[in-house]
Amino acid sequence: MPKFRSALLASLLFISTALPAATYANVEGTVEAENSTVQIPQNTINQNTRSVDNNVVQEELAAGEKDAAQKDASQNPAVVQPEEQISTAKPAQPKAETAPAKPAQPKAETAPAKPAQPKAETAPEKPAQPEAETTPEKPAATEEKQDSSESTEQPTTKPGQNDTTEQPDKEQQTAVHLTVKQKLADVPNNFWAKNEVMQLVEMGVIGGYPDAEFRPNLNINRGQAANLFKGALKLPEAAYQAKFSDVSSKSSFLQGVFSTYNAGIFGGKPDGRFGVSDALTREQMATTLVRAFSLKDTGEELTFKDWNKISESHRENVKILAQHRITTGREDGSFDPKATVNRVTFSVMLHRALVATNKIEKNEYTVQAADVSTNYKLNRTEMNFTQVTSDTNPLYLRSTAPISFKGTSTETYGVAKDTTYNYAVGNQGATVKVTIRTLENGDDFVFTNLTNKGNSNLTVDLFHKATNVTNYRLYRYDRFPIEKNVNDVFGYDSSSYPTGLLRIMSNEKLATDRMVGQAYRSKQLTQSYKDTGGTSYMRDLQTEYEAYSHAWLGEDLFSFYTLASNGNDIIDTWYMDSNERLFKTDENMNGWMLETALNYKKRNNWYTAEGPYNKMATTTEPMPKSYQGFGRNLLLVKEDRALVLYKEQGDRYFANLVKNSFISLDKFKGNEPYWKTEVTSTYLKSLYGITAPFIDTRFNEQIALFYYNSGADFNIPKYKEPLRNYADLLVSRKEAGHVIKVADDAYYISDYFPVNQQVTTHASMNHLLGGMNILLLAYKEFQDPKYVETAASVSRALQLEKNKWIRTNGDIWYRVNAKGEFAGTDYQHLTLEDLINAYKYWKDADPSQLPVFEEMIISKANYLSVNRFGYTMKIKNGLEEIGMSEYLPEGQLYTDAL
């Protein structure tokens, strides 16, 4: 590492101690160094009380009770939603990145009222005719019957209000005290029902959703209640019966339904359904609990002030439940029989019944707070979940909108295989693509794209659970601040760098090194040209934001990647996974992060499955008013700097970037023999009327060299073909009319070849040198004389017009047009690098060509020295190689050529 770089790195690392830094949590849950994580606030978590009759994933249960997939594995093995949970409610549109609402406080509740004679005005109503139902085949139990009024009466629980107001009975048995790590994100230490929920969790009776949230205030349906009864009572396995129209042989509720049916706890509906998605009311809950635990009437007379509102078929069971102190009613003395039951209410009642019947002893828990990132947010509402992958620790998608699987596609490259999972989200044309690019070394790139064609906000989270995590650390890029000039309207780049490297440890061994990218919200821009039939493509970057958040719950680390759409936009995010260290040393990692901060405009940060996006010059179109137009710049698609660092340091991260760049280049080119630029240059358009697509000689030269020089090292198939194809294209330019003639046997090849137009553009010094060098390399590789003959024609033109190219100040003119007019300021370093390469190639092919290049090298190098414009390592090494190191320009060393 150069001395200046080491010194700058050391100083910035010292300064960064005052900045947001890496997270390092140990086994005990403490946080060391600068901590960007926080503990989940210890307040009561309330969820919106909504019906659970839409297609959400079933909560996790004990082994043997976990959900089956909705569809056959051959159709979609990853979808989680049970097919019985059919959506009937329009999903709420998520708000974009809003803070969680302040949780409501649960109402206190009192014990059931003592026996009293009802007042005349509250005399029981004449019960309506109960709904007929089928009964379980076991004769000892009958299915609960509902009054007809039950189907029309609205629950008394308001949305967002905590339904459970049942307070623990005052006559408590002595409990066992346990200290456990927080396992559910919304069940902290001060959650009012933590003891009941945690004990059921520890027993394996109930669990959280795939994102580790319990969602206590979501309503519970009959199918879910059946599953919980089976787990709590350890009911025997039950075979499938073609008995209920809403329970298939692949249903996630199959075991719960038929085991509880056989046990006489639940029966069926008159219409032939079990009613798996029907919400459970409080009076129905009372009946099923009495049946499940064989509770008997103790003879104690109890009543509630709304006794007359309890369905006649449930009154006795409500009384029995109260006699056993499993229910205590509302604080106002009512039972509220028609209110739907939420998850926490049912859990509490189920737990009390287990304790009351001496099936378990009550435990009390101290819940150690989880570590979560500062931007972690609970999702209290109903969510739809879809399992994306089927490995041990799968990826999931979640959203408030329905998620529908649309198929999987695969594509194989020389160094990787892409597997793309396609989904439709919501009903306004939004789609999600999750592309997992698996490299031959086992590492993965994961690219996620949300394209929302609708006008409404939409949020989709990709998330992953790492198990057996003993510690983790997030090394953040923002330890190295980027200095930006916000007043530079045209040059300002609103992008920055990735979030950081997440290191996950298991039993003090590396489990995962993950480079986590940011999220990019953009709009697709296109401009079509009727006269040429071409189209120019660009993205209008709306914002870059941190997509990543995490929660460490127990020994599970949940990583979330949030794609938040504002409507009519595209959201991209990415990360790279490896089970090996991505950097050999922390110095290498920090050095790269510092380098990226210093050169963020020339480093790829916005990766997609189709290639990286970078800020385009303001002389391109269609450019948005914000000037934040981003596109796929072919010179940056190839990872030149990563290749250099890989060869110098051997870091896995850079090897993966290089492999990924070959795939991006392959996808960009498609079936064409060369690479065509997809963005229109307004500069070329104004000069020659050229629009996208067109062939840029410099881009194709650099890509051909990238393949040729590194393809063999990375096992790229046919890595020499881009060199041959481009050399053939250059040879054909004279016949195509894309040359500027100097003499019969001397000409310059123009810089740009329009695809749909017949135009001869200018020739710039760096382009024509690059093309000539490609021809000489192709001759060396393939021994075809046409390559060296074409290169000699370019060299002869330079010899004839050498004095026109060299300016009075010693610099080189940038370009010459078809009229022979020279103009433009040349690149500082790039052309000198090309002149040195030309000298080396001609020294092997034909030394008689050397004098012109020697003279131009000396002139350009002296110009740089006089102005102290410095040099690059390519210039330094190249001058040494050709024996001209005395001409090394004065000034500083640059990492990238200017």
# chains A, B, ... in the order shown; residues from 1 in each chain; ligands from 1
>>> select_by_dssp(residues="stretch 666-892 of chain A", states="alpha helix (DSSP H)", output="MDAnalysis selection string")
chainID A and resid 666:669 682:688 697:710 721:731 733:736 765:782 785:800 802:805 830:845 850:866 873:881
>>> residues_around(residues="stretch 619-636 of chain A", least_positions_apart="5", cutoff="9 Å", atoms="only C-alpha atoms", output="number ranges by chain")
A: 489-494, 525-527, 536-542, 602-604, 610-614, 665, 668, 675-683, 698-700, 702-703
>>> write_last_selection(atoms="C-alpha atoms", output="mmCIF file, in the first residue's frame")
data_model
loop_
_atom_site.group_PDB
_atom_site.id
_atom_site.type_symbol
_atom_site.label_atom_id
_atom_site.label_comp_id
_atom_site.auth_asym_id
_atom_site.auth_seq_id
_atom_site.Cartn_x
_atom_site.Cartn_y
_atom_site.Cartn_z
ATOM 1 C CA VAL A 489 -25.258 20.868 -9.955
ATOM 2 C CA PHE A 490 -23.901 19.054 -13.006
ATOM 3 C CA GLY A 491 -21.207 16.970 -11.340
ATOM 4 C CA TYR A 492 -23.043 16.073 -8.135
ATOM 5 C CA ASP A 493 -23.554 12.333 -7.641
ATOM 6 C CA SER A 494 -26.257 11.419 -5.112
ATOM 7 C CA LEU A 525 -36.387 6.783 -18.628
ATOM 8 C CA THR A 526 -36.421 6.024 -22.345
ATOM 9 C CA GLN A 527 -36.113 8.167 -25.448
ATOM 10 C CA SER A 536 -31.747 5.436 -25.301
ATOM 11 C CA TYR A 537 -32.139 4.059 -21.771
ATOM 12 C CA MET A 538 -31.423 5.696 -18.424
ATOM 13 C CA ARG A 539 -32.565 5.577 -14.803
ATOM 14 C CA ASP A 540 -33.573 8.686 -12.862
ATOM 15 C CA LEU A 541 -32.215 8.018 -9.372
ATOM 16 C CA GLN A 542 -34.797 9.256 -6.873
ATOM 17 C CA LYS A 602 -15.622 5.544 -10.274
ATOM 18 C CA ARG A 603 -16.528 2.521 -8.161
ATOM 19 C CA ASN A 604 -19.516 0.307 -8.763
ATOM 20 C CA GLU A 610 -28.297 -6.870 -15.364
ATOM 21 C CA GLY A 611 -25.134 -5.011 -14.406
ATOM 22 C CA PRO A 612 -24.047 -2.000 -12.336
ATOM 23 C CA TYR A 613 -25.475 1.504 -12.738
ATOM 24 C CA ASN A 614 -23.341 4.627 -12.533
ATOM 25 C CA LEU A 665 -20.835 -8.022 -19.819
ATOM 26 C CA PHE A 668 -25.241 -6.749 -21.819
ATOM 27 C CA TRP A 675 -20.944 -4.269 -27.254
ATOM 28 C CA LYS A 676 -23.313 -1.467 -28.251
ATOM 29 C CA THR A 677 -23.770 1.632 -26.114
ATOM 30 C CA GLU A 678 -27.375 2.016 -24.929
ATOM 31 C CA VAL A 679 -27.267 5.716 -23.978
ATOM 32 C CA THR A 680 -27.276 8.598 -26.466
ATOM 33 C CA SER A 681 -24.495 11.182 -26.234
ATOM 34 C CA THR A 682 -25.914 14.650 -26.904
ATOM 35 C CA TYR A 683 -22.385 15.680 -27.897
ATOM 36 C CA ARG A 698 -12.827 2.597 -26.839
ATOM 37 C CA PHE A 699 -15.390 0.589 -24.903
ATOM 38 C CA ASN A 700 -14.971 -2.474 -27.095
ATOM 39 C CA GLN A 702 -11.145 -2.115 -23.197
ATOM 40 C CA ILE A 703 -13.602 -4.991 -22.893
#
>>> select_by_dssp(residues="stretch 323-375 of chain A", states="strand (DSSP E or B)", output="compact mmCIF listing (two decimals) with N, CA and C atoms, in the first residue's frame")
# COMPACT_ATOMS: atom_id res chain seq x y z
N THR A 340 -63.93 -11.08 18.30
CA THR A 340 -63.00 -12.08 17.78
C THR A 340 -61.79 -12.18 18.70
N ASN A 342 -57.83 -12.70 19.48
CA ASN A 342 -56.53 -12.54 18.84
C ASN A 342 -55.56 -13.59 19.35
N ASN A 363 -44.51 -21.13 34.56
CA ASN A 363 -43.19 -20.51 34.62
C ASN A 363 -43.31 -19.00 34.53
N GLU A 364 -42.36 -18.30 35.13
CA GLU A 364 -42.26 -16.86 34.96
C GLU A 364 -40.91 -16.56 34.33
N TYR A 365 -40.90 -15.59 33.42
CA TYR A 365 -39.72 -15.36 32.60
C TYR A 365 -39.18 -13.95 32.74
N THR A 366 -37.87 -13.86 32.78
CA THR A 366 -37.19 -12.59 32.54
C THR A 366 -36.62 -12.69 31.13
N VAL A 367 -37.07 -11.79 30.26
CA VAL A 367 -36.69 -11.85 28.85
C VAL A 367 -35.58 -10.83 28.61
N GLN A 368 -34.40 -11.34 28.25
CA GLN A 368 -33.28 -10.46 27.94
C GLN A 368 -33.52 -9.80 26.59
N ASP A 371 -30.86 -7.53 20.53
CA ASP A 371 -30.10 -6.47 19.87
C ASP A 371 -30.68 -6.27 18.48
N VAL A 372 -31.03 -5.05 18.16
CA VAL A 372 -31.56 -4.74 16.84
C VAL A 372 -30.87 -3.49 16.32
N SER A 373 -30.85 -3.34 15.01
CA SER A 373 -30.26 -2.14 14.41
C SER A 373 -31.19 -0.95 14.66
>>> residues_around(residues="A:Asn579", least_positions_apart="4", cutoff="9 Å", atoms="only C-alpha atoms", output="JSON, numbers by chain")
{"A": [442, 443, 510, 511, 512, 513, 514]}
>>> atom_distance(atom1="atom CA of A:Lys530", atom2="atom CA of A:Leu684")
17.4 Å
>>> closest_residue(among="A:Asn227, A:Gln428, A:Asn358, A:Gln387", to="A:Gly454", atoms="only C-alpha atoms")
A:Gln428
>>> closest_residue(among="A:Leu705, A:Ala232, A:Leu321, A:Leu557", to="A:Asp297", atoms="only C-alpha atoms")
A:Leu321
>>> residues_around(residues="A:Gly500", least_positions_apart="4", cutoff="7 Å", atoms="only C-alpha atoms", output="ChimeraX atom specification")
/A:474-477,515-516
>>> write_last_selection(atoms="C-alpha atoms", output="compact mmCIF listing (two decimals), in the first residue's frame")
# COMPACT_ATOMS: atom_id res chain seq x y z
CA LEU A 474 -21.13 -4.84 10.77
CA TYR A 475 -18.13 -2.97 9.37
CA ARG A 476 -19.71 0.16 7.97
CA TYR A 477 -18.48 2.14 4.97
CA MET A 515 -21.14 -7.39 1.68
CA VAL A 516 -24.40 -5.50 1.97
>>> closest_atom_pairs(of="stretch 733-789 of chain A", to="stretch 801-805 of chain A", cutoff="12 Å", atoms="only C-alpha atoms", output="CSV")
residue,atom,partner,partner_atom,distance
A:Lys741,CA,A:Glu801,CA,11.7
A:Val742,CA,A:Glu801,CA,8.4
A:Ala743,CA,A:Glu801,CA,10.6
A:Ala746,CA,A:Glu801,CA,10.3
A:Tyr747,CA,A:Glu801,CA,10.5
A:Tyr748,CA,A:Glu801,CA,10.9
A:Ala763,CA,A:Trp805,CA,11.8
A:Ser764,CA,A:Trp805,CA,10.3
A:Met765,CA,A:Trp805,CA,8.5
A:Asn766,CA,A:Trp805,CA,11.9
>>> closest_atom_pairs(of="stretch 761-870 of chain A", to="stretch 729-733 of chain A", cutoff="9 Å", atoms="only C-alpha atoms", output="CSV")
residue,atom,partner,partner_atom,distance
A:Gly771,CA,A:Leu730,CA,7.3
A:Met772,CA,A:Leu730,CA,8.8
A:Leu775,CA,A:Leu730,CA,7.9
A:Lys786,CA,A:Val731,CA,7.2
A:Tyr787,CA,A:Val731,CA,6.9
A:Glu789,CA,A:Val731,CA,9.0
A:Thr790,CA,A:Val731,CA,6.2
A:Ala791,CA,A:Val731,CA,8.8
>>> atom_distance(atom1="atom CA of A:Gly414", atom2="atom CA of A:Pro717")
6.0 Å
>>> atom_distance(atom1="atom CA of A:Thr451", atom2="atom CA of A:Ile571")
6.5 Å
>>> closest_residue(among="A:Leu723, A:Ile875, A:Met285, A:Leu553", to="A:Arg315", atoms="only C-alpha atoms")
A:Met285
>>> decode(residues="stretch 678-710 of chain A", atoms="N, CA, C and O atoms", output="mmCIF file, in the first residue's frame")
data_model
loop_
_atom_site.group_PDB
_atom_site.id
_atom_site.type_symbol
_atom_site.label_atom_id
_atom_site.label_comp_id
_atom_site.auth_asym_id
_atom_site.auth_seq_id
_atom_site.Cartn_x
_atom_site.Cartn_y
_atom_site.Cartn_z
ATOM 1 N N GLU A 678 -25.921 1.889 -24.978
ATOM 2 C CA GLU A 678 -27.375 2.016 -24.929
ATOM 3 C C GLU A 678 -27.843 3.408 -24.521
ATOM 4 O O GLU A 678 -29.040 3.619 -24.342
ATOM 5 N N VAL A 679 -26.919 4.352 -24.371
ATOM 6 C CA VAL A 679 -27.267 5.716 -23.978
ATOM 7 C C VAL A 679 -26.780 6.680 -25.048
ATOM 8 O O VAL A 679 -25.632 6.591 -25.502
ATOM 9 N N THR A 680 -27.634 7.613 -25.445
ATOM 10 C CA THR A 680 -27.276 8.598 -26.466
ATOM 11 C C THR A 680 -26.416 9.711 -25.869
ATOM 12 O O THR A 680 -26.741 10.266 -24.819
ATOM 13 N N SER A 681 -25.331 10.039 -26.586
ATOM 14 C CA SER A 681 -24.495 11.182 -26.234
ATOM 15 C C SER A 681 -25.018 12.405 -26.985
ATOM 16 O O SER A 681 -25.046 12.409 -28.232
ATOM 17 N N THR A 682 -25.433 13.426 -26.235
ATOM 18 C CA THR A 682 -25.914 14.650 -26.904
ATOM 19 C C THR A 682 -24.786 15.341 -27.645
ATOM 20 O O THR A 682 -25.036 16.068 -28.613
ATOM 21 N N TYR A 683 -23.555 15.130 -27.212
ATOM 22 C CA TYR A 683 -22.385 15.680 -27.897
ATOM 23 C C TYR A 683 -22.277 15.090 -29.299
ATOM 24 O O TYR A 683 -22.139 15.810 -30.299
ATOM 25 N N LEU A 684 -22.364 13.758 -29.405
ATOM 26 C CA LEU A 684 -22.293 13.115 -30.708
ATOM 27 C C LEU A 684 -23.553 13.387 -31.528
ATOM 28 O O LEU A 684 -23.498 13.509 -32.758
ATOM 29 N N LYS A 685 -24.665 13.480 -30.837
ATOM 30 C CA LYS A 685 -25.920 13.753 -31.535
ATOM 31 C C LYS A 685 -25.879 15.119 -32.198
ATOM 32 O O LYS A 685 -26.327 15.289 -33.351
ATOM 33 N N SER A 686 -25.330 16.124 -31.500
ATOM 34 C CA SER A 686 -25.255 17.475 -32.065
ATOM 35 C C SER A 686 -24.240 17.560 -33.204
ATOM 36 O O SER A 686 -24.426 18.310 -34.157
ATOM 37 N N LEU A 687 -23.143 16.772 -33.109
ATOM 38 C CA LEU A 687 -22.107 16.815 -34.144
ATOM 39 C C LEU A 687 -22.482 16.018 -35.387
ATOM 40 O O LEU A 687 -22.295 16.480 -36.526
ATOM 41 N N TYR A 688 -23.038 14.806 -35.161
ATOM 42 C CA TYR A 688 -23.228 13.882 -36.277
ATOM 43 C C TYR A 688 -24.629 13.303 -36.385
ATOM 44 O O TYR A 688 -24.897 12.529 -37.306
ATOM 45 N N GLY A 689 -25.502 13.651 -35.453
ATOM 46 C CA GLY A 689 -26.849 13.089 -35.482
ATOM 47 C C GLY A 689 -26.911 11.647 -35.019
ATOM 48 O O GLY A 689 -27.908 10.953 -35.252
ATOM 49 N N ILE A 690 -25.875 11.169 -34.351
ATOM 50 C CA ILE A 690 -25.816 9.774 -33.890
ATOM 51 C C ILE A 690 -26.660 9.603 -32.624
ATOM 52 O O ILE A 690 -26.579 10.415 -31.707
ATOM 53 N N THR A 691 -27.434 8.550 -32.581
ATOM 54 C CA THR A 691 -28.206 8.207 -31.387
ATOM 55 C C THR A 691 -27.939 6.741 -31.030
ATOM 56 O O THR A 691 -27.388 5.981 -31.835
ATOM 57 N N ALA A 692 -28.299 6.365 -29.834
ATOM 58 C CA ALA A 692 -28.158 4.971 -29.399
ATOM 59 C C ALA A 692 -29.075 4.078 -30.237
ATOM 60 O O ALA A 692 -30.160 4.515 -30.645
ATOM 61 N N PRO A 693 -28.627 2.858 -30.516
ATOM 62 C CA PRO A 693 -27.357 2.247 -30.109
ATOM 63 C C PRO A 693 -26.242 2.537 -31.115
ATOM 64 O O PRO A 693 -26.494 2.718 -32.300
ATOM 65 N N PHE A 694 -25.017 2.584 -30.619
ATOM 66 C CA PHE A 694 -23.855 2.735 -31.485
ATOM 67 C C PHE A 694 -22.679 2.006 -30.848
ATOM 68 O O PHE A 694 -22.698 1.666 -29.664
ATOM 69 N N ILE A 695 -21.640 1.772 -31.659
ATOM 70 C CA ILE A 695 -20.453 1.064 -31.180
ATOM 71 C C ILE A 695 -19.377 2.082 -30.865
ATOM 72 O O ILE A 695 -18.976 2.872 -31.714
ATOM 73 N N ASP A 696 -18.944 2.055 -29.611
ATOM 74 C CA ASP A 696 -17.864 2.919 -29.140
ATOM 75 C C ASP A 696 -16.578 2.110 -29.196
ATOM 76 O O ASP A 696 -16.453 1.090 -28.523
ATOM 77 N N THR A 697 -15.608 2.553 -30.004
ATOM 78 C CA THR A 697 -14.388 1.760 -30.183
ATOM 79 C C THR A 697 -13.608 1.613 -28.884
ATOM 80 O O THR A 697 -13.024 0.558 -28.614
ATOM 81 N N ARG A 698 -13.591 2.674 -28.085
ATOM 82 C CA ARG A 698 -12.827 2.597 -26.839
ATOM 83 C C ARG A 698 -13.419 1.569 -25.881
ATOM 84 O O ARG A 698 -12.693 0.798 -25.247
ATOM 85 N N PHE A 699 -14.731 1.542 -25.781
ATOM 86 C CA PHE A 699 -15.390 0.589 -24.903
ATOM 87 C C PHE A 699 -15.074 -0.843 -25.332
ATOM 88 O O PHE A 699 -14.712 -1.694 -24.504
ATOM 89 N N ASN A 700 -15.200 -1.118 -26.611
ATOM 90 C CA ASN A 700 -14.971 -2.474 -27.095
ATOM 91 C C ASN A 700 -13.509 -2.885 -26.979
ATOM 92 O O ASN A 700 -13.192 -4.046 -26.707
ATOM 93 N N GLU A 701 -12.608 -1.909 -27.181
ATOM 94 C CA GLU A 701 -11.184 -2.194 -26.987
ATOM 95 C C GLU A 701 -10.901 -2.613 -25.552
ATOM 96 O O GLU A 701 -10.246 -3.629 -25.295
ATOM 97 N N GLN A 702 -11.407 -1.829 -24.599
ATOM 98 C CA GLN A 702 -11.145 -2.115 -23.197
ATOM 99 C C GLN A 702 -11.771 -3.437 -22.760
ATOM 100 O O GLN A 702 -11.185 -4.188 -21.972
ATOM 101 N N ILE A 703 -12.950 -3.732 -23.257
ATOM 102 C CA ILE A 703 -13.602 -4.991 -22.893
ATOM 103 C C ILE A 703 -12.851 -6.183 -23.475
ATOM 104 O O ILE A 703 -12.655 -7.205 -22.799
ATOM 105 N N ALA A 704 -12.398 -6.048 -24.742
ATOM 106 C CA ALA A 704 -11.629 -7.131 -25.361
ATOM 107 C C ALA A 704 -10.360 -7.419 -24.566
ATOM 108 O O ALA A 704 -9.985 -8.584 -24.349
ATOM 109 N N LEU A 705 -9.682 -6.359 -24.109
ATOM 110 C CA LEU A 705 -8.470 -6.534 -23.305
ATOM 111 C C LEU A 705 -8.792 -7.150 -21.949
ATOM 112 O O LEU A 705 -8.015 -7.956 -21.412
ATOM 113 N N PHE A 706 -9.917 -6.765 -21.369
ATOM 114 C CA PHE A 706 -10.333 -7.309 -20.073
ATOM 115 C C PHE A 706 -10.512 -8.820 -20.169
ATOM 116 O O PHE A 706 -10.038 -9.579 -19.307
ATOM 117 N N TYR A 707 -11.188 -9.275 -21.219
ATOM 118 C CA TYR A 707 -11.363 -10.706 -21.428
ATOM 119 C C TYR A 707 -10.024 -11.389 -21.683
ATOM 120 O O TYR A 707 -9.706 -12.436 -21.095
ATOM 121 N N TYR A 708 -9.237 -10.795 -22.567
ATOM 122 C CA TYR A 708 -8.001 -11.436 -22.995
ATOM 123 C C TYR A 708 -7.001 -11.555 -21.849
ATOM 124 O O TYR A 708 -6.343 -12.588 -21.691
ATOM 125 N N ASN A 709 -6.874 -10.513 -21.043
ATOM 126 C CA ASN A 709 -5.855 -10.478 -20.003
ATOM 127 C C ASN A 709 -6.221 -11.253 -18.738
ATOM 128 O O ASN A 709 -5.337 -11.624 -17.966
ATOM 129 N N SER A 710 -7.519 -11.474 -18.504
ATOM 130 C CA SER A 710 -7.906 -12.130 -17.252
ATOM 131 C C SER A 710 -8.860 -13.308 -17.432
ATOM 132 O O SER A 710 -9.154 -14.006 -16.458
#
